[in-house]
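Novice: If it helps, the file is called data-v6.txt and holds compact mmCIF, C-alpha atoms and all ligand atoms:
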```
# COMPACT_ATOMS: atom_id res chain seq x y z
CA MET A 1 0.00 0.00 0.00
CA LYS A 2 1.39 3.34 -1.07
CA VAL A 3 0.90 6.48 1.02
CA VAL A 4 0.71 9.64 -1.08
CA ARG A 5 0.68 13.09 0.52
CA ASN A 6 1.64 15.20 -2.44
CA ILE A 7 -0.90 16.65 -4.91
CA ALA A 8 1.37 16.45 -7.94
CA GLU A 9 2.17 12.82 -7.15
CA ILE A 10 -1.47 11.71 -6.89
CA ARG A 11 -2.24 13.54 -10.14
CA SER A 12 0.58 11.76 -11.93
CA ILE A 13 -0.42 8.33 -10.51
CA THR A 14 -4.08 8.66 -11.47
CA SER A 15 -3.27 10.10 -14.91
CA ALA A 16 -1.03 7.10 -15.60
CA LEU A 17 -3.76 4.72 -14.42
CA LYS A 18 -6.30 6.43 -16.66
CA SER A 19 -3.94 6.27 -19.66
CA SER A 20 -3.61 2.53 -19.15
CA HIS A 21 -7.44 2.20 -18.90
CA LYS A 22 -7.44 1.01 -15.30
CA SER A 23 -10.62 1.52 -13.30
CA ILE A 24 -10.19 3.51 -10.09
CA GLY A 25 -12.39 3.20 -7.01
CA LEU A 26 -12.27 6.09 -4.55
CA VAL A 27 -13.35 5.95 -0.91
CA PRO A 28 -13.26 9.48 0.53
CA THR A 29 -12.97 9.49 4.34
CA MET A 30 -12.04 11.77 7.20
CA GLY A 31 -10.17 8.95 8.94
CA ALA A 32 -10.97 7.37 12.33
CA LEU A 33 -11.88 4.36 10.24
CA HIS A 34 -14.40 1.78 11.40
CA GLN A 35 -15.96 -1.34 9.90
CA GLY A 36 -18.40 0.75 7.85
CA HIS A 37 -15.49 2.43 6.04
CA ILE A 38 -13.74 -0.91 5.58
CA SER A 39 -16.84 -2.33 3.88
CA LEU A 40 -16.63 0.51 1.34
CA VAL A 41 -12.92 -0.13 0.80
CA GLU A 42 -13.49 -3.85 0.23
CA LYS A 43 -16.31 -3.17 -2.22
CA SER A 44 -14.19 -0.62 -4.06
CA GLY A 45 -11.30 -3.12 -4.20
CA GLN A 46 -13.56 -5.83 -5.63
CA GLU A 47 -15.10 -3.61 -8.28
CA ASN A 48 -12.04 -1.71 -9.55
CA ASP A 49 -8.47 -2.32 -10.70
CA VAL A 50 -7.16 0.14 -8.13
CA CYS A 51 -8.66 1.30 -4.84
CA ILE A 52 -7.73 4.71 -3.44
CA VAL A 53 -8.75 5.80 0.05
CA SER A 54 -8.44 9.47 0.95
CA ILE A 55 -8.06 10.59 4.54
CA PHE A 56 -8.63 14.28 5.05
CA VAL A 57 -10.50 16.10 7.81
CA ASN A 58 -12.03 18.79 5.67
CA PRO A 59 -12.15 22.12 7.57
CA THR A 60 -14.72 23.80 5.31
CA GLN A 61 -17.51 21.36 6.12
CA PHE A 62 -17.43 22.08 9.88
CA ASP A 63 -19.68 24.90 11.01
CA LYS A 64 -18.32 24.76 14.58
CA LYS A 65 -14.62 25.13 15.32
CA GLU A 66 -14.80 22.84 18.42
CA ASP A 67 -16.29 20.08 16.28
CA LEU A 68 -13.33 20.30 13.88
CA ILE A 69 -10.79 20.42 16.72
CA ASN A 70 -12.40 17.46 18.48
CA TYR A 71 -12.79 15.34 15.35
CA PRO A 72 -11.03 12.02 16.15
CA ASN A 73 -7.62 11.45 14.59
CA THR A 74 -6.38 7.84 14.59
CA LEU A 75 -4.09 8.00 11.56
CA THR A 76 -1.47 5.44 12.70
CA ASN A 77 -4.17 2.89 13.39
CA ASP A 78 -6.05 3.77 10.17
CA LEU A 79 -2.95 2.99 8.10
CA GLU A 80 -2.45 -0.33 9.91
CA VAL A 81 -6.08 -1.25 9.27
CA LEU A 82 -5.96 -0.24 5.59
CA LYS A 83 -2.84 -2.36 4.98
CA LYS A 84 -4.99 -5.43 5.62
CA THR A 85 -7.60 -4.40 3.03
CA THR A 86 -7.86 -4.09 -0.76
CA CYS A 87 -6.66 -0.46 -0.57
CA GLN A 88 -3.60 0.15 -2.77
CA ILE A 89 -3.18 3.90 -2.37
CA VAL A 90 -3.93 6.13 0.63
CA PHE A 91 -4.07 9.80 -0.22
CA ILE A 92 -3.48 12.11 2.76
CA PRO A 93 -3.31 15.68 1.50
CA ASP A 94 -2.71 18.68 3.69
CA ALA A 95 -5.25 21.47 3.88
CA GLU A 96 -3.11 24.27 2.44
CA ALA A 97 -2.06 22.19 -0.54
CA ILE A 98 -5.47 20.83 -1.46
CA TYR A 99 -7.09 24.25 -0.98
CA ASN A 100 -4.23 26.01 -2.72
CA ASN A 101 -3.78 28.22 0.40
CA ALA A 102 -7.38 29.52 0.32
CA ILE A 103 -9.38 27.38 2.74
CA ILE A 104 -12.83 28.44 1.61
CA SER A 105 -15.81 26.70 0.03
CA GLU A 106 -17.15 27.04 -3.44
CA GLU A 107 -20.88 27.85 -3.39
CA PHE A 108 -23.15 25.21 -4.87
CA SER A 109 -26.77 24.74 -5.65
CA PHE A 110 -27.89 21.15 -5.32
CA ASP A 111 -31.47 21.86 -6.42
CA GLY A 112 -32.60 22.44 -2.83
CA LEU A 113 -31.24 19.19 -1.37
CA GLU A 114 -28.74 21.31 0.56
CA ASN A 115 -31.46 23.27 2.38
CA GLU A 116 -33.07 20.33 4.18
CA MET A 117 -32.15 18.68 7.49
CA GLU A 118 -28.33 18.78 7.89
CA GLY A 119 -28.29 21.86 5.66
CA LYS A 120 -30.64 23.69 8.06
CA HIS A 121 -28.67 22.75 11.13
CA ARG A 122 -25.08 22.97 9.83
CA SER A 123 -24.65 26.18 7.95
CA GLY A 124 -22.37 25.89 4.89
CA HIS A 125 -21.81 22.17 5.52
CA PHE A 126 -22.75 20.98 2.04
CA ASP A 127 -20.78 23.70 0.28
CA GLY A 128 -17.78 22.36 2.21
CA VAL A 129 -18.59 18.75 1.31
CA GLY A 130 -19.20 19.67 -2.36
CA THR A 131 -15.92 21.60 -2.50
CA ILE A 132 -13.74 18.82 -1.14
CA VAL A 133 -15.49 15.99 -2.97
CA LYS A 134 -15.11 17.87 -6.26
CA LYS A 135 -11.40 18.42 -5.56
CA LEU A 136 -10.90 14.75 -4.62
CA PHE A 137 -12.74 13.62 -7.75
CA GLU A 138 -10.57 15.88 -9.87
CA LEU A 139 -7.36 14.49 -8.35
CA ALA A 140 -8.29 10.81 -8.04
CA GLN A 141 -10.23 10.62 -11.34
CA PRO A 142 -12.35 7.75 -10.02
CA THR A 143 -14.43 5.45 -12.17
CA ARG A 144 -16.54 4.75 -9.08
CA ALA A 145 -16.78 6.50 -5.72
CA TYR A 146 -18.20 4.96 -2.55
CA PHE A 147 -20.22 6.68 0.18
CA GLY A 148 -22.06 5.29 3.20
CA GLU A 149 -25.83 5.66 3.55
CA LYS A 150 -25.44 6.84 7.14
CA ASP A 151 -24.87 10.26 5.57
CA PHE A 152 -27.81 9.72 3.24
CA GLN A 153 -28.27 13.43 2.48
CA GLN A 154 -24.57 13.71 1.64
CA LEU A 155 -24.90 10.72 -0.70
CA GLN A 156 -27.81 12.39 -2.56
CA ILE A 157 -25.83 15.63 -2.75
CA VAL A 158 -22.75 13.90 -4.16
CA LYS A 159 -24.98 12.25 -6.80
CA LYS A 160 -26.36 15.70 -7.67
CA LEU A 161 -22.84 17.19 -7.82
CA ASN A 162 -21.84 14.39 -10.17
CA SER A 163 -24.81 14.98 -12.49
CA ASN A 164 -24.76 18.81 -12.31
CA GLU A 165 -21.06 18.91 -13.18
CA ASN A 166 -21.24 16.05 -15.71
CA LEU A 167 -18.46 14.18 -13.96
CA GLY A 168 -19.52 10.76 -15.25
CA ILE A 169 -18.51 8.94 -12.06
CA GLU A 170 -20.54 6.02 -10.77
CA ILE A 171 -21.60 7.05 -7.26
CA ILE A 172 -22.22 4.01 -5.11
CA GLY A 173 -24.18 4.18 -1.87
CA CYS A 174 -23.45 1.44 0.66
CA PRO A 175 -25.64 0.27 3.57
CA ILE A 176 -25.18 1.54 7.10
CA PHE A 177 -22.97 -0.64 9.29
CA ARG A 178 -24.26 -1.06 12.84
CA GLU A 179 -22.80 -2.21 16.13
CA SER A 180 -24.43 -5.36 17.53
CA ASP A 181 -26.77 -3.19 19.63
CA GLY A 182 -27.88 -1.23 16.54
CA LEU A 183 -25.87 1.98 16.95
CA ALA A 184 -24.83 3.20 13.48
CA MET A 185 -21.04 3.06 13.15
CA SER A 186 -19.55 6.53 13.12
CA SER A 187 -16.09 7.98 13.71
CA ARG A 188 -17.72 10.15 16.37
CA ASN A 189 -18.79 7.16 18.49
CA ILE A 190 -15.33 6.96 20.09
CA ARG A 191 -16.02 10.32 21.74
CA LEU A 192 -19.05 8.99 23.64
CA THR A 193 -18.74 8.47 27.39
CA LYS A 194 -19.60 5.03 28.76
CA THR A 195 -23.06 6.23 29.80
CA GLN A 196 -23.73 7.97 26.46
CA ARG A 197 -22.55 4.88 24.58
CA ALA A 198 -24.94 2.73 26.61
CA GLU A 199 -27.85 5.08 25.81
CA ALA A 200 -27.02 5.66 22.11
CA PRO A 201 -28.73 2.50 20.70
CA PHE A 202 -32.00 4.20 21.70
CA ILE A 203 -31.65 6.18 18.44
CA TYR A 204 -31.91 3.08 16.25
CA GLN A 205 -34.58 1.52 18.49
CA THR A 206 -36.65 4.66 17.96
CA LEU A 207 -36.15 4.49 14.19
CA LYS A 208 -37.21 0.84 14.12
CA THR A 209 -40.37 1.65 16.05
CA ALA A 210 -41.02 4.50 13.61
CA VAL A 211 -40.88 1.96 10.75
CA LYS A 212 -43.51 -0.14 12.50
CA LYS A 213 -45.70 2.87 13.27
CA PHE A 214 -45.44 4.05 9.66
CA GLU A 215 -47.59 1.07 8.60
CA THR A 216 -50.62 2.40 10.48
CA GLU A 217 -50.01 5.93 11.79
CA ASP A 218 -49.77 9.30 10.14
CA ILE A 219 -46.50 11.23 9.91
CA ALA A 220 -47.50 13.94 12.40
CA SER A 221 -48.31 11.44 15.13
CA ILE A 222 -45.05 9.52 14.56
CA SER A 223 -43.09 12.79 14.83
CA GLN A 224 -44.93 13.71 18.04
CA TRP A 225 -44.21 10.29 19.48
CA VAL A 226 -40.47 10.63 18.68
CA SER A 227 -40.36 14.07 20.35
CA SER A 228 -42.12 12.70 23.41
CA VAL A 229 -39.79 9.70 23.88
CA PHE A 230 -36.69 11.91 23.54
CA ALA A 231 -38.16 14.47 25.96
CA LYS A 232 -38.08 11.70 28.59
CA ASN A 233 -34.50 10.67 27.76
CA THR A 234 -32.00 12.48 29.98
CA SER A 235 -28.83 11.49 28.03
CA LEU A 236 -29.85 12.26 24.44
CA ASP A 237 -31.17 15.55 23.02
CA LEU A 238 -33.18 15.35 19.82
CA GLU A 239 -32.12 17.96 17.24
CA TYR A 240 -34.50 16.85 14.52
CA PHE A 241 -36.59 13.92 13.35
CA GLU A 242 -38.04 14.09 9.86
CA ILE A 243 -39.84 11.79 7.51
CA ALA A 244 -38.88 12.82 4.00
CA ASN A 245 -39.07 11.77 0.39
CA GLU A 246 -35.90 9.78 -0.23
CA ASN A 247 -35.17 11.53 -3.53
CA THR A 248 -36.10 15.17 -2.89
CA LEU A 249 -35.39 15.02 0.87
CA LYS A 250 -38.39 17.29 1.35
CA PRO A 251 -40.22 16.60 4.62
CA ASN A 252 -43.61 15.00 4.19
CA THR A 253 -46.74 15.40 6.23
CA SER A 254 -48.87 12.98 4.21
CA LYS A 255 -48.16 9.62 2.60
CA ASN A 256 -48.35 8.97 -1.15
CA THR A 257 -48.26 5.45 -2.50
CA ASN A 258 -45.53 6.01 -5.11
CA THR A 259 -43.07 7.83 -2.86
CA LYS A 260 -40.13 6.20 -1.10
CA TYR A 261 -39.94 7.52 2.45
CA ARG A 262 -37.07 7.58 4.88
CA ALA A 263 -36.87 8.73 8.50
CA PHE A 264 -33.89 10.93 9.42
CA ILE A 265 -32.70 11.81 12.90
CA ALA A 266 -29.99 13.93 14.53
CA VAL A 267 -29.30 13.68 18.23
CA PHE A 268 -26.79 15.17 20.67
CA ALA A 269 -25.17 12.99 23.30
CA GLY A 270 -23.47 15.79 25.25
CA SER A 271 -21.37 17.55 22.61
CA VAL A 272 -21.28 14.53 20.28
CA ARG A 273 -23.70 14.82 17.38
CA LEU A 274 -25.02 11.54 16.00
CA ILE A 275 -27.13 11.06 12.88
CA ASP A 276 -28.96 8.04 11.56
CA ASN A 277 -31.69 7.18 9.06
CA ILE A 278 -33.85 4.28 7.99
CA SER A 279 -35.97 3.36 4.99
CA LEU A 280 -39.64 3.26 5.90
CA GLN A 281 -40.34 0.61 3.27
CA GLN A 282 -38.62 -2.17 5.21
CA GLN A 283 -39.66 -4.61 7.90
CA PRO A 284 -38.90 -3.46 11.45
CA ASN A 285 -37.39 -6.81 12.49
CA LYS A 286 -34.63 -6.47 9.89
CA PRO A 287 -31.32 -6.06 11.84
O1 LIG B 301 -18.39 11.48 4.94
C1 LIG B 301 -17.26 11.95 5.14
O2 LIG B 301 -16.41 11.36 5.81
C2 LIG B 301 -16.93 13.31 4.55
O3 LIG B 301 -18.04 14.14 4.55
C3 LIG B 301 -16.29 13.24 3.14
C4 LIG B 301 -17.24 12.65 2.13
C5 LIG B 301 -15.03 12.40 3.21
C6 LIG B 301 -15.91 14.64 2.66
O4 LIG B 301 -15.02 15.25 3.53
```
Turn this file's structure into structure tokens for me.
Ligand code: PAF
Specialist:
Amino acid sequence: MKVVRNIAEIRSITSALKSSHKSIGLVPTMGALHQGHISLVEKSGQENDVCIVSIFVNPTQFDKKEDLINYPNTLTNDLEVLKKTTCQIVFIPDAEAIYNNAIISEEFSFDGLENEMEGKHRSGHFDGVGTIVKKLFELAQPTRAYFGEKDFQQLQIVKKLNSNENLGIEIIGCPIFRESDGLAMSSRNIRLTKTQRAEAPFIYQTLKTAVKKFETEDIASISQWVSSVFAKNTSLDLEYFEIANENTLKPNTSKNTNTKYRAFIAVFAGSVRLIDNISLQQQPNKP
């Protein structure tokens, strides 16, 4: 496995790969790798001639400085873990170089996807994501790029970026990986205290109950129920719960037969922000 830190070097590697018609799979990450990331790396390795993983904690997508400062950094361990996978190249740029000394976001329009949920609560977040993903795509020249469905809104936004900019990359969404108690795997989980960690599976339990309720109850009463159960929980603070159209991400108040619905949730455990989502078309007893 080759570690590349230099922009010119990654450009020359990917240009050579493209010239020899090799397919490239890219897995963009911010490090602190967990099994969810590894599943993307393995899929990328199986489906492409070369698998590149990028590790870069992107400053422009953080709306709060403390969140950026506290973002976990486990680089030594990440590299050890990646060596045992199908990853051939790890790209670890530095911020000044990748941003060409101007650490600011480009402004995007993602046809309104950016204004819902995470967009409402994390100002400028998706401009930051769009900026870095576009830069990584330009440098890595991937045939396919892999993103987890835990950040479902991000996945839809990256698909929109790809189509709006005619990038011609296959954007592949991969299922959420969960701990055995249902907590969605996230780099942020390592910041949870023992008590918060013990309480955190409540998020997924609530989503699973919402799936069940969706069969018979209306959206307003499910939302009220979610607010009421979180109001009684002393460890977790609900930021939002929304039932939205999976494609437009617009919140829904009524159900239409031909629409695919998904429930989205953001919760604070102390200062740690956790997000999760679930398709409302599935059976609640699915793990
Ligand atoms: O999902 C992430 O880890 C990040 O948002 C991404 C896609 C690597 C961009 O910084």
Novice: Give me the residues of chain A that have any atom at most 8 Å from an atom of ligand LIG 301 (chain B); for each, the nearest atom pair and the distance in Å, rounded to one decimal. Use all atoms listed in the file, sort by chain and number, and format it as a tab-separated table.
Specialist:
```
residue	atom	partner	partner_atom	distance
A:Val27	CA	B:LIG301	C5	7.8
A:Pro28	CA	B:LIG301	C5	4.3
A:Thr29	CA	B:LIG301	C5	3.7
A:Met30	CA	B:LIG301	O2	4.6
A:Gly31	CA	B:LIG301	O2	7.4
A:Ser54	CA	B:LIG301	C5	7.6
A:Ile55	CA	B:LIG301	C5	7.3
A:Phe56	CA	B:LIG301	O4	6.6
A:Val57	CA	B:LIG301	O4	6.3
A:Asn58	CA	B:LIG301	O4	5.1
A:Gln61	CA	B:LIG301	O4	7.1
A:Gly128	CA	B:LIG301	O4	7.7
A:Val129	CA	B:LIG301	C6	5.1
A:Gly130	CA	B:LIG301	C6	7.8
A:Ile132	CA	B:LIG301	O4	6.0
A:Val133	CA	B:LIG301	C6	5.8
A:Phe147	CA	B:LIG301	C4	7.0
A:Gly148	CA	B:LIG301	O1	7.4
A:Asp151	CA	B:LIG301	O1	6.6
A:Gln154	CA	B:LIG301	O3	7.2
```
Novice: Up to 8 Å from (-27.7, 7.3, 28.5) in the file's coordinates: name the residues, counting all atoms listed in the file, as an mmCIF file with C-alpha atoms, in the coordinates of the input.
Specialist:
```cif
data_model
loop_
_atom_site.group_PDB
_atom_site.id
_atom_site.type_symbol
_atom_site.label_atom_id
_atom_site.label_comp_id
_atom_site.auth_asym_id
_atom_site.auth_seq_id
_atom_site.Cartn_x
_atom_site.Cartn_y
_atom_site.Cartn_z
ATOM 1 C CA THR A 195 -23.060 6.230 29.800
ATOM 2 C CA GLN A 196 -23.730 7.970 26.460
ATOM 3 C CA ARG A 197 -22.550 4.880 24.580
ATOM 4 C CA ALA A 198 -24.940 2.730 26.610
ATOM 5 C CA GLU A 199 -27.850 5.080 25.810
ATOM 6 C CA ALA A 200 -27.020 5.660 22.110
ATOM 7 C CA ASN A 233 -34.500 10.670 27.760
ATOM 8 C CA THR A 234 -32.000 12.480 29.980
ATOM 9 C CA SER A 235 -28.830 11.490 28.030
ATOM 10 C CA LEU A 236 -29.850 12.260 24.440
#
```
Novice: At what distance in Å, to one decimal, does CA of Ile10 in chain A lie from CA of Leu79 in chain A?
Specialist: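 Going from CA of Leu79 in chain A over to CA of Ile10 in chain A, I get 17.4 Å.
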Novice: With only C-alpha atoms as the basis for distance, which of A:Ala32, A:Ile169, A:Ile98, A:Ile104 is at the shortest distance from Asn189 in chain A?
Specialist: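 Smallest distance to Asn189 in chain A is found for A:Ala32.
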Novice: Using all atoms listed in the file for the distances, tell me which of A:Leu238, A:Ser15, A:Glu42, A:Pro251 is nearest to Glu138 in chain A.
Specialist: A:Ser15
Novice: Neighbouring residues of range 106-115 of chain A were defined as those with any atom within 9 Å, considering only C-alpha atoms; residues of the same chain fewer than 6 positions away were excluded. Please report them as a VMD selection string.
Specialist: chain A and resid 124 to 128 130 to 131 153 to 154 156 to 158 160 to 161 164 247 to 250
Novice: Can you tell me which residues surround range 222-226 of chain A at a distance of at most 8 Å, considering all atoms listed in the file, apart from same-chain residues fewer than 4 positions away, and format the answer as a VMD selection string?
Specialist: chain A and resid 206 210 213 to 214 217 to 218 230 241 to 242
Novice: To one decimal in Å, tell me the separation between CA of Leu192 in chain A and CA of Cys174 in chain A.
Specialist: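 Interatomic distance here is 24.6 Å.
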Novice: Which is closer to Ser105 in chain A than all the others in A:Met185, A:Phe62, A:Thr209, A:Gly168, using only C-alpha atoms?
Specialist: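 Result for the nearest residue to Ser105 in chain A: A:Phe62.
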Novice: Between CA of Arg191 in chain A and CA of Phe152 in chain A, what distance in Å does the model show, to one decimal?
Specialist: 21.9 Å
Novice: Compare A:Tyr261, A:Tyr146, A:Tyr71, A:Phe177 by their minimum atom-to-atom distance to Ile24 in chain A, counting all atoms listed in the file, and give me the closest one.
Specialist: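 Answer, going by the shortest atom-to-atom distance: A:Tyr146.
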Novice: Do you know which residues are at most 7 Å from Asn252 in chain A counting all atoms listed in the file, after dropping those on the same chain fewer than 5 positions away, and could you put them as a PDB file with C-alpha atoms, in the frame of the given file?
Specialist:
```pdb
ATOM      1  CA  ILE A 243     -39.840  11.790   7.510  1.00  0.00           C
ATOM      2  CA  ALA A 244     -38.880  12.820   4.000  1.00  0.00           C
ATOM      3  CA  ASN A 245     -39.070  11.770   0.390  1.00  0.00           C
TER       4      ASN A 245
END
```
Novice: What lies within 12 Å of Pro175 in chain A using all atoms listed in the file, ignoring chain neighbours under 6 positions off, as a PyMOL selection string?
Specialist: chain A and resi 35-37+39-40+43+146-152+155+184-185+276-279+287
Novice: For range 50-64 of chain A, take all atoms listed in the file, fit an axis-aligned box around them, add 3 Å to each of the six sides, then output centre and edge lengths in Å rounded to one decimal, as AutoDock Vina command-line options.
Specialist:
```
--center_x -13.4 --center_y 12.5 --center_z 3.2 --size_x 18.5 --size_y 30.8 --size_z 28.7
```
Novice: If we count all atoms listed in the file, what is near Asn6 in chain A at a cut-off of 12 Å, once residues fewer than 6 positions away on the same chain are taken out, given as a list in words?
Specialist: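 My reading of the contact set: Ser12, Ile13, Val90, Phe91, Ile92, Pro93, Asp94, Ala95, Glu96, Ala97, Ile98 and Leu139 of chain A.
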Novice: Dump N, CA, C and O atoms of range 104-123 of chain A from the given block, as an mmCIF file, in the first residue's frame.
Specialist:
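Wrote it out as decode.cif, contents follow:
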```cif
data_model
loop_
_atom_site.group_PDB
_atom_site.id
_atom_site.type_symbol
_atom_site.label_atom_id
_atom_site.label_comp_id
_atom_site.auth_asym_id
_atom_site.auth_seq_id
_atom_site.Cartn_x
_atom_site.Cartn_y
_atom_site.Cartn_z
ATOM 1 N N ILE A 104 -11.444 27.958 1.677
ATOM 2 C CA ILE A 104 -12.829 28.439 1.606
ATOM 3 C C ILE A 104 -13.621 27.512 0.667
ATOM 4 O O ILE A 104 -13.047 26.855 -0.188
ATOM 5 N N SER A 105 -14.954 27.569 0.847
ATOM 6 C CA SER A 105 -15.808 26.700 0.030
ATOM 7 C C SER A 105 -16.239 27.393 -1.242
ATOM 8 O O SER A 105 -16.459 28.606 -1.256
ATOM 9 N N GLU A 106 -16.433 26.572 -2.257
ATOM 10 C CA GLU A 106 -17.153 27.036 -3.439
ATOM 11 C C GLU A 106 -18.648 27.036 -3.057
ATOM 12 O O GLU A 106 -19.053 26.275 -2.172
ATOM 13 N N GLU A 107 -19.447 27.889 -3.701
ATOM 14 C CA GLU A 107 -20.884 27.852 -3.386
ATOM 15 C C GLU A 107 -21.621 27.023 -4.435
ATOM 16 O O GLU A 107 -21.415 27.226 -5.629
ATOM 17 N N PHE A 108 -22.443 26.115 -3.953
ATOM 18 C CA PHE A 108 -23.148 25.205 -4.870
ATOM 19 C C PHE A 108 -24.653 25.359 -4.728
ATOM 20 O O PHE A 108 -25.151 25.754 -3.679
ATOM 21 N N SER A 109 -25.340 24.960 -5.793
ATOM 22 C CA SER A 109 -26.768 24.742 -5.654
ATOM 23 C C SER A 109 -26.994 23.276 -6.001
ATOM 24 O O SER A 109 -26.575 22.801 -7.057
ATOM 25 N N PHE A 110 -27.599 22.566 -5.072
ATOM 26 C CA PHE A 110 -27.890 21.154 -5.315
ATOM 27 C C PHE A 110 -29.401 20.976 -5.453
ATOM 28 O O PHE A 110 -29.995 20.052 -4.882
ATOM 29 N N ASP A 111 -30.020 21.902 -6.149
ATOM 30 C CA ASP A 111 -31.465 21.857 -6.422
ATOM 31 C C ASP A 111 -32.303 21.748 -5.139
ATOM 32 O O ASP A 111 -33.320 21.048 -5.106
ATOM 33 N N GLY A 112 -31.839 22.392 -4.088
ATOM 34 C CA GLY A 112 -32.604 22.445 -2.834
ATOM 35 C C GLY A 112 -32.265 21.343 -1.849
ATOM 36 O O GLY A 112 -32.623 21.429 -0.675
ATOM 37 N N LEU A 113 -31.570 20.287 -2.302
ATOM 38 C CA LEU A 113 -31.235 19.190 -1.369
ATOM 39 C C LEU A 113 -30.432 19.718 -0.186
ATOM 40 O O LEU A 113 -30.512 19.209 0.927
ATOM 41 N N GLU A 114 -29.645 20.773 -0.456
ATOM 42 C CA GLU A 114 -28.738 21.307 0.558
ATOM 43 C C GLU A 114 -29.462 22.108 1.643
ATOM 44 O O GLU A 114 -28.870 22.446 2.667
ATOM 45 N N ASN A 115 -30.750 22.421 1.399
ATOM 46 C CA ASN A 115 -31.464 23.266 2.378
ATOM 47 C C ASN A 115 -32.227 22.465 3.423
ATOM 48 O O ASN A 115 -32.794 23.018 4.343
ATOM 49 N N GLU A 116 -32.298 21.148 3.240
ATOM 50 C CA GLU A 116 -33.067 20.328 4.184
ATOM 51 C C GLU A 116 -32.162 19.855 5.327
ATOM 52 O O GLU A 116 -30.952 19.952 5.256
ATOM 53 N N MET A 117 -32.761 19.369 6.339
ATOM 54 C CA MET A 117 -32.145 18.676 7.491
ATOM 55 C C MET A 117 -30.738 19.143 7.882
ATOM 56 O O MET A 117 -30.581 20.193 8.489
ATOM 57 N N GLU A 118 -29.695 18.392 7.496
ATOM 58 C CA GLU A 118 -28.334 18.782 7.888
ATOM 59 C C GLU A 118 -28.014 20.191 7.399
ATOM 60 O O GLU A 118 -27.318 20.952 8.066
ATOM 61 N N GLY A 119 -28.533 20.531 6.236
ATOM 62 C CA GLY A 119 -28.290 21.864 5.663
ATOM 63 C C GLY A 119 -28.862 22.969 6.541
ATOM 64 O O GLY A 119 -28.276 24.039 6.669
ATOM 65 N N LYS A 120 -30.016 22.682 7.179
ATOM 66 C CA LYS A 120 -30.641 23.690 8.056
ATOM 67 C C LYS A 120 -29.857 23.846 9.345
ATOM 68 O O LYS A 120 -29.811 24.924 9.921
ATOM 69 N N HIS A 121 -29.288 22.744 9.804
ATOM 70 C CA HIS A 121 -28.667 22.753 11.130
ATOM 71 C C HIS A 121 -27.161 22.967 11.085
ATOM 72 O O HIS A 121 -26.548 23.221 12.117
ATOM 73 N N ARG A 122 -26.535 22.804 9.925
ATOM 74 C CA ARG A 122 -25.075 22.968 9.833
ATOM 75 C C ARG A 122 -24.790 23.905 8.656
ATOM 76 O O ARG A 122 -24.604 23.462 7.519
ATOM 77 N N SER A 123 -24.772 25.172 8.987
ATOM 78 C CA SER A 123 -24.647 26.184 7.949
ATOM 79 C C SER A 123 -23.370 25.996 7.102
ATOM 80 O O SER A 123 -22.278 25.853 7.664
#
```
